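K.L.:
After the structure tokens below, expect a handful of questions from me.
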Amino acid sequence: MFNEKKANISAVGKYVPEKILTNKDLEKLVDTNDEWIFTRTGIKERRIADDNEPTSVLATKAIQNLLDEYNISPDEIDALVLATISPDMFFPSTAALVLDNLNIKNAFGFDISAACSGFIYALKIGDSFIKSGMAKKVLVVGADEMSTITDYTDRNTCVLFGDGAGAVLLEESKSDCGIIESILHTDGSGKDLLNITGGGSLNPATHETIDKKMHYIYQDGRPVYKFAVKYMTQVAKDVLKKHNYSSEDVSLLIPHQANKRIIEAVGKRLKIDPKDVFVNIEKYGNTTAATIPMGIYDAVQEKRLIKYDLLLLVAFGGGFTWGSSLIRWGI
Ligand code: UT7
């Protein structure tokens, strides 16, 4: 029988900028307060990158952390799939800049745009490269510098987002561990509820697009919240069911960190014990494509993720995009 290759996450890395923006700091910028932000979102503080630290630098530092901690040479890398909605520039891709920063010469790399689901999308692409034999070692990164696309006069969005990057390495599994399945969905009819409409080919950058703040993120939070709970729950159920698992089998759920209330609602609907639902939103806010790989890194550090655990990832974001990955943890 044909024995399909399986991709395993064999190393993890993370980077967050040093500068902290607290809820108290935001009280000085917009009409908000710590109590509202914390009770409505679960966020206490978020990290903000320096001017000389674009997204490529966050991603580079997360990968450098992975290479150092797991003693991997840059020469071993075959491919980089980088999820971001805050690239350094339209082109070259952030992945190209990162490969150059790291002096990785033998790899190809590219960016993918799937907003908060970006890491799950990138993981599925990396998984396919390993399965097909096209690459032996693939870096999958989620990196976003939301502070550069956030309007700090808009209280609806500026309290939510932060900056950071997380990286994982995929290689062929030598055991039963590895990525079991990822399911992805896209529905572009959600485009008006969560977007940045300025600066692209629809509305090329002009003084007017700048004056109208169209280069900043816009979100109609309430409907997005409802879709997020519904679709994250559904896709997580689907991936479990497809492989004959129930929520009781899940060792740890790492959901996208957009709102603690969304995370709790999804955990409850999936009937996963709150102690098995990973939350770090209080420290970092919503770092878009980076929340899940940063969560994986933190879970490993905190020994909440150990070999043979059944790990469930789930995300929802702009587009709309959503997806879920089921993984037999193998580090
Ligand atoms: O990551 C990608 C996907 N994104 C998400 O999953 C996010 C989904 N949405 C959410 O997480 C929530 O909708 C938000 C956190 C964005 C907002 O929470 P909410 O409970 O849905 O609040 P709301 O937008 O319905 O606003 C409630 C009230 C409003 O006042 P009125 O109209 O009731 O007088 C807002 O003006 O809270 C007000 N408000 C604020 N007050 C203090 C909105 N933002 C703030 C703020 N501080 N920062």
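Letters A, B, ... mark the chains of the structure tokens in the order given; residue numbers begin at 1 per chain; ligand numbers begin at 1, in order shown.
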Do you know which residues are within 9 Å of ligand 1 using only C-alpha atoms and all ligand atoms? Can you write them as a PyMOL selection string?
P.N.:
chain A and resi 26-27+30-37+39-41+115-117+154-161+194+219-229+256-262+286-289+315-318+320
K.L.:
I want to know what sits within 9 Å of Tyr297 of chain A, based on only C-alpha atoms, with residues of the same chain fewer than 3 positions away left out; could you give that as a PyMOL selection string?
P.N.:
chain A and resi 12-14+166-168+292-294+300-302
K.L.:
Write out as an MDAnalysis selection string the residues lying within 6 Å of segment 169-179 of chain A, counting only C-alpha atoms and excluding same-chain residues fewer than 2 positions away.
P.N.:
chainID A and resid 6:11 136:139 181 327:330
K.L.:
Using N, CA and C atoms, can you export the residues from the last selection as a JSON list (two decimals), in the first residue's frame?
P.N.:
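Output below, filename part35.json:
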[["chain", "number", "residue", "atom", "x", "y", "z"],
["A", 6, "LYS", "N", 4.26, 11.97, 6.14],
["A", 6, "LYS", "CA", 3.54, 12.84, 7.08],
["A", 6, "LYS", "C", 4.49, 13.93, 7.55],
["A", 7, "ALA", "N", 3.98, 15.17, 7.66],
["A", 7, "ALA", "CA", 4.84, 16.28, 8.10],
["A", 7, "ALA", "C", 4.73, 16.46, 9.61],
["A", 8, "ASN", "N", 5.87, 16.60, 10.23],
["A", 8, "ASN", "CA", 5.91, 16.80, 11.68],
["A", 8, "ASN", "C", 6.48, 18.18, 12.00],
["A", 9, "ILE", "N", 5.93, 18.83, 13.01],
["A", 9, "ILE", "CA", 6.54, 20.07, 13.51],
["A", 9, "ILE", "C", 7.69, 19.64, 14.41],
["A", 10, "SER", "N", 8.93, 19.99, 13.99],
["A", 10, "SER", "CA", 10.10, 19.48, 14.71],
["A", 10, "SER", "C", 10.85, 20.56, 15.48],
["A", 11, "ALA", "N", 10.45, 21.83, 15.29],
["A", 11, "ALA", "CA", 11.10, 22.93, 16.02],
["A", 11, "ALA", "C", 10.16, 24.14, 16.02],
["A", 136, "LYS", "N", 12.23, 19.11, 1.98],
["A", 136, "LYS", "CA", 12.50, 18.27, 3.17],
["A", 136, "LYS", "C", 12.35, 19.06, 4.47],
["A", 137, "LYS", "N", 12.72, 20.35, 4.42],
["A", 137, "LYS", "CA", 12.59, 21.19, 5.62],
["A", 137, "LYS", "C", 11.93, 22.50, 5.23],
["A", 138, "VAL", "N", 10.75, 22.73, 5.78],
["A", 138, "VAL", "CA", 9.96, 23.91, 5.42],
["A", 138, "VAL", "C", 9.70, 24.75, 6.68],
["A", 139, "LEU", "N", 10.07, 26.02, 6.59],
["A", 139, "LEU", "CA", 9.72, 26.95, 7.68],
["A", 139, "LEU", "C", 8.33, 27.51, 7.40],
["A", 181, "GLU", "N", -4.41, 16.48, 9.61],
["A", 181, "GLU", "CA", -5.27, 17.07, 8.58],
["A", 181, "GLU", "C", -5.47, 18.55, 8.87],
["A", 327, "ILE", "N", -3.26, 17.83, 14.94],
["A", 327, "ILE", "CA", -1.85, 17.43, 14.93],
["A", 327, "ILE", "C", -1.56, 16.47, 16.09],
["A", 328, "ARG", "N", -0.88, 15.38, 15.80],
["A", 328, "ARG", "CA", -0.34, 14.53, 16.87],
["A", 328, "ARG", "C", 1.04, 15.11, 17.18],
["A", 329, "TRP", "N", 1.17, 15.75, 18.33],
["A", 329, "TRP", "CA", 2.37, 16.55, 18.61],
["A", 329, "TRP", "C", 3.60, 15.65, 18.69],
["A", 330, "GLY", "N", 4.67, 16.11, 18.05],
["A", 330, "GLY", "CA", 5.82, 15.21, 17.91],
["A", 330, "GLY", "C", 7.17, 15.79, 18.30]]
K.L.:
Between A:Leu313, A:Leu326, A:Asn244, A:Ile306, which residue has the minimum interatomic distance to Val266 of chain A, considering only C-alpha atoms?
P.N.:
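Checking each of A:Leu313, A:Leu326, A:Asn244, A:Ile306 against Val266 of chain A, counting only C-alpha atoms, the winner is A:Leu313.
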K.L.:
If we count only C-alpha atoms, what is near Ala114 of chain A at a cut-off of 8 Å, once residues fewer than 4 positions away on the same chain are taken out, given as a ChimeraX atom specification?
P.N.:
/A:83-85,118,121,317-319,321
K.L.:
Hey, what does DSSP flag as alpha helix (DSSP H) within segment 12-215 of chain A? Can you give it to me as an MDAnalysis selection string?
P.N.:
chainID A and resid 23:27 34:41 55:69 94:101 118:132 155:158 207:211
K.L.:
For Ile196 of chain A, please output as a list in words all residues within 12 Å (counting only C-alpha atoms; exclusion window: fewer than 6 positions along the same chain).
P.N.:
Ile85, Ser86, Ala115, Met146, Ile149, Thr150, Asp151, Leu202, Asn203, Pro204, Ala205, Thr209, Ile210, Lys212, Lys213, Met214, His215, Tyr216, Ile217, Tyr218, Gln219, Gly318 and Gly319 of chain A
K.L.:
How would the residues just picked look written out with N, CA and C atoms as a PDB file, in the first residue's frame?
P.N.:
ATOM      1  N   ILE A  85      -0.383  39.935   6.850  1.00  0.00           N
ATOM      2  CA  ILE A  85      -1.162  40.972   6.133  1.00  0.00           C
ATOM      3  C   ILE A  85      -0.514  42.341   6.337  1.00  0.00           C
ATOM      4  N   SER A  86       0.683  42.324   6.926  1.00  0.00           N
ATOM      5  CA  SER A  86       1.412  43.591   7.114  1.00  0.00           C
ATOM      6  C   SER A  86       2.835  43.423   6.575  1.00  0.00           C
ATOM      7  N   ALA A 115      -5.070  36.662   6.400  1.00  0.00           N
ATOM      8  CA  ALA A 115      -5.378  37.371   7.657  1.00  0.00           C
ATOM      9  C   ALA A 115      -5.155  36.459   8.874  1.00  0.00           C
ATOM     10  N   MET A 146       0.823  44.665  13.384  1.00  0.00           N
ATOM     11  CA  MET A 146      -0.481  45.310  13.281  1.00  0.00           C
ATOM     12  C   MET A 146      -0.426  46.788  13.643  1.00  0.00           C
ATOM     13  N   ILE A 149      -0.643  49.221  10.797  1.00  0.00           N
ATOM     14  CA  ILE A 149      -1.881  49.353  10.003  1.00  0.00           C
ATOM     15  C   ILE A 149      -3.085  49.612  10.913  1.00  0.00           C
ATOM     16  N   THR A 150      -2.790  50.098  12.117  1.00  0.00           N
ATOM     17  CA  THR A 150      -3.844  50.387  13.088  1.00  0.00           C
ATOM     18  C   THR A 150      -3.947  51.896  13.303  1.00  0.00           C
ATOM     19  N   ASP A 151      -5.198  52.361  13.350  1.00  0.00           N
ATOM     20  CA  ASP A 151      -5.469  53.783  13.583  1.00  0.00           C
ATOM     21  C   ASP A 151      -5.592  54.003  15.099  1.00  0.00           C
ATOM     22  N   LEU A 202      -7.709  48.617  -6.167  1.00  0.00           N
ATOM     23  CA  LEU A 202      -9.083  49.135  -6.130  1.00  0.00           C
ATOM     24  C   LEU A 202      -9.081  50.623  -5.794  1.00  0.00           C
ATOM     25  N   ASN A 203      -8.312  50.968  -4.791  1.00  0.00           N
ATOM     26  CA  ASN A 203      -8.199  52.370  -4.350  1.00  0.00           C
ATOM     27  C   ASN A 203      -6.720  52.709  -4.181  1.00  0.00           C
ATOM     28  N   PRO A 204      -6.009  52.942  -5.299  1.00  0.00           N
ATOM     29  CA  PRO A 204      -4.578  53.250  -5.176  1.00  0.00           C
ATOM     30  C   PRO A 204      -4.355  54.438  -4.233  1.00  0.00           C
ATOM     31  N   ALA A 205      -3.218  54.423  -3.554  1.00  0.00           N
ATOM     32  CA  ALA A 205      -2.952  55.444  -2.546  1.00  0.00           C
ATOM     33  C   ALA A 205      -2.978  56.842  -3.139  1.00  0.00           C
ATOM     34  N   THR A 209      -7.200  58.878  -0.065  1.00  0.00           N
ATOM     35  CA  THR A 209      -7.293  57.594   0.671  1.00  0.00           C
ATOM     36  C   THR A 209      -6.615  57.715   2.031  1.00  0.00           C
ATOM     37  N   ILE A 210      -5.560  58.525   2.068  1.00  0.00           N
ATOM     38  CA  ILE A 210      -4.876  58.734   3.359  1.00  0.00           C
ATOM     39  C   ILE A 210      -5.782  59.545   4.294  1.00  0.00           C
ATOM     40  N   LYS A 212      -8.879  59.730   4.329  1.00  0.00           N
ATOM     41  CA  LYS A 212     -10.020  58.911   4.774  1.00  0.00           C
ATOM     42  C   LYS A 212      -9.577  57.716   5.612  1.00  0.00           C
ATOM     43  N   LYS A 213      -8.275  57.640   5.868  1.00  0.00           N
ATOM     44  CA  LYS A 213      -7.692  56.581   6.724  1.00  0.00           C
ATOM     45  C   LYS A 213      -7.969  55.186   6.175  1.00  0.00           C
ATOM     46  N   MET A 214      -7.996  55.086   4.841  1.00  0.00           N
ATOM     47  CA  MET A 214      -8.298  53.801   4.219  1.00  0.00           C
ATOM     48  C   MET A 214      -7.111  52.834   4.256  1.00  0.00           C
ATOM     49  N   HIS A 215      -5.963  53.322   4.730  1.00  0.00           N
ATOM     50  CA  HIS A 215      -4.783  52.433   4.855  1.00  0.00           C
ATOM     51  C   HIS A 215      -4.757  51.747   6.216  1.00  0.00           C
ATOM     52  N   TYR A 216      -5.780  52.004   7.025  1.00  0.00           N
ATOM     53  CA  TYR A 216      -5.858  51.358   8.340  1.00  0.00           C
ATOM     54  C   TYR A 216      -6.906  50.247   8.344  1.00  0.00           C
ATOM     55  N   ILE A 217      -6.769  49.355   9.311  1.00  0.00           N
ATOM     56  CA  ILE A 217      -7.708  48.235   9.420  1.00  0.00           C
ATOM     57  C   ILE A 217      -9.085  48.745   9.868  1.00  0.00           C
ATOM     58  N   TYR A 218     -10.097  48.188   9.192  1.00  0.00           N
ATOM     59  CA  TYR A 218     -11.489  48.489   9.571  1.00  0.00           C
ATOM     60  C   TYR A 218     -12.159  47.182   9.981  1.00  0.00           C
ATOM     61  N   GLN A 219     -12.924  47.232  11.050  1.00  0.00           N
ATOM     62  CA  GLN A 219     -13.675  46.037  11.454  1.00  0.00           C
ATOM     63  C   GLN A 219     -15.036  46.418  12.027  1.00  0.00           C
ATOM     64  N   GLY A 318     -10.141  37.790   8.431  1.00  0.00           N
ATOM     65  CA  GLY A 318     -10.611  38.606   7.307  1.00  0.00           C
ATOM     66  C   GLY A 318     -10.704  37.813   6.015  1.00  0.00           C
ATOM     67  N   GLY A 319     -11.686  38.163   5.229  1.00  0.00           N
ATOM     68  CA  GLY A 319     -11.938  37.458   3.954  1.00  0.00           C
ATOM     69  C   GLY A 319     -13.424  37.255   3.722  1.00  0.00           C
TER      70      GLY A 319
END
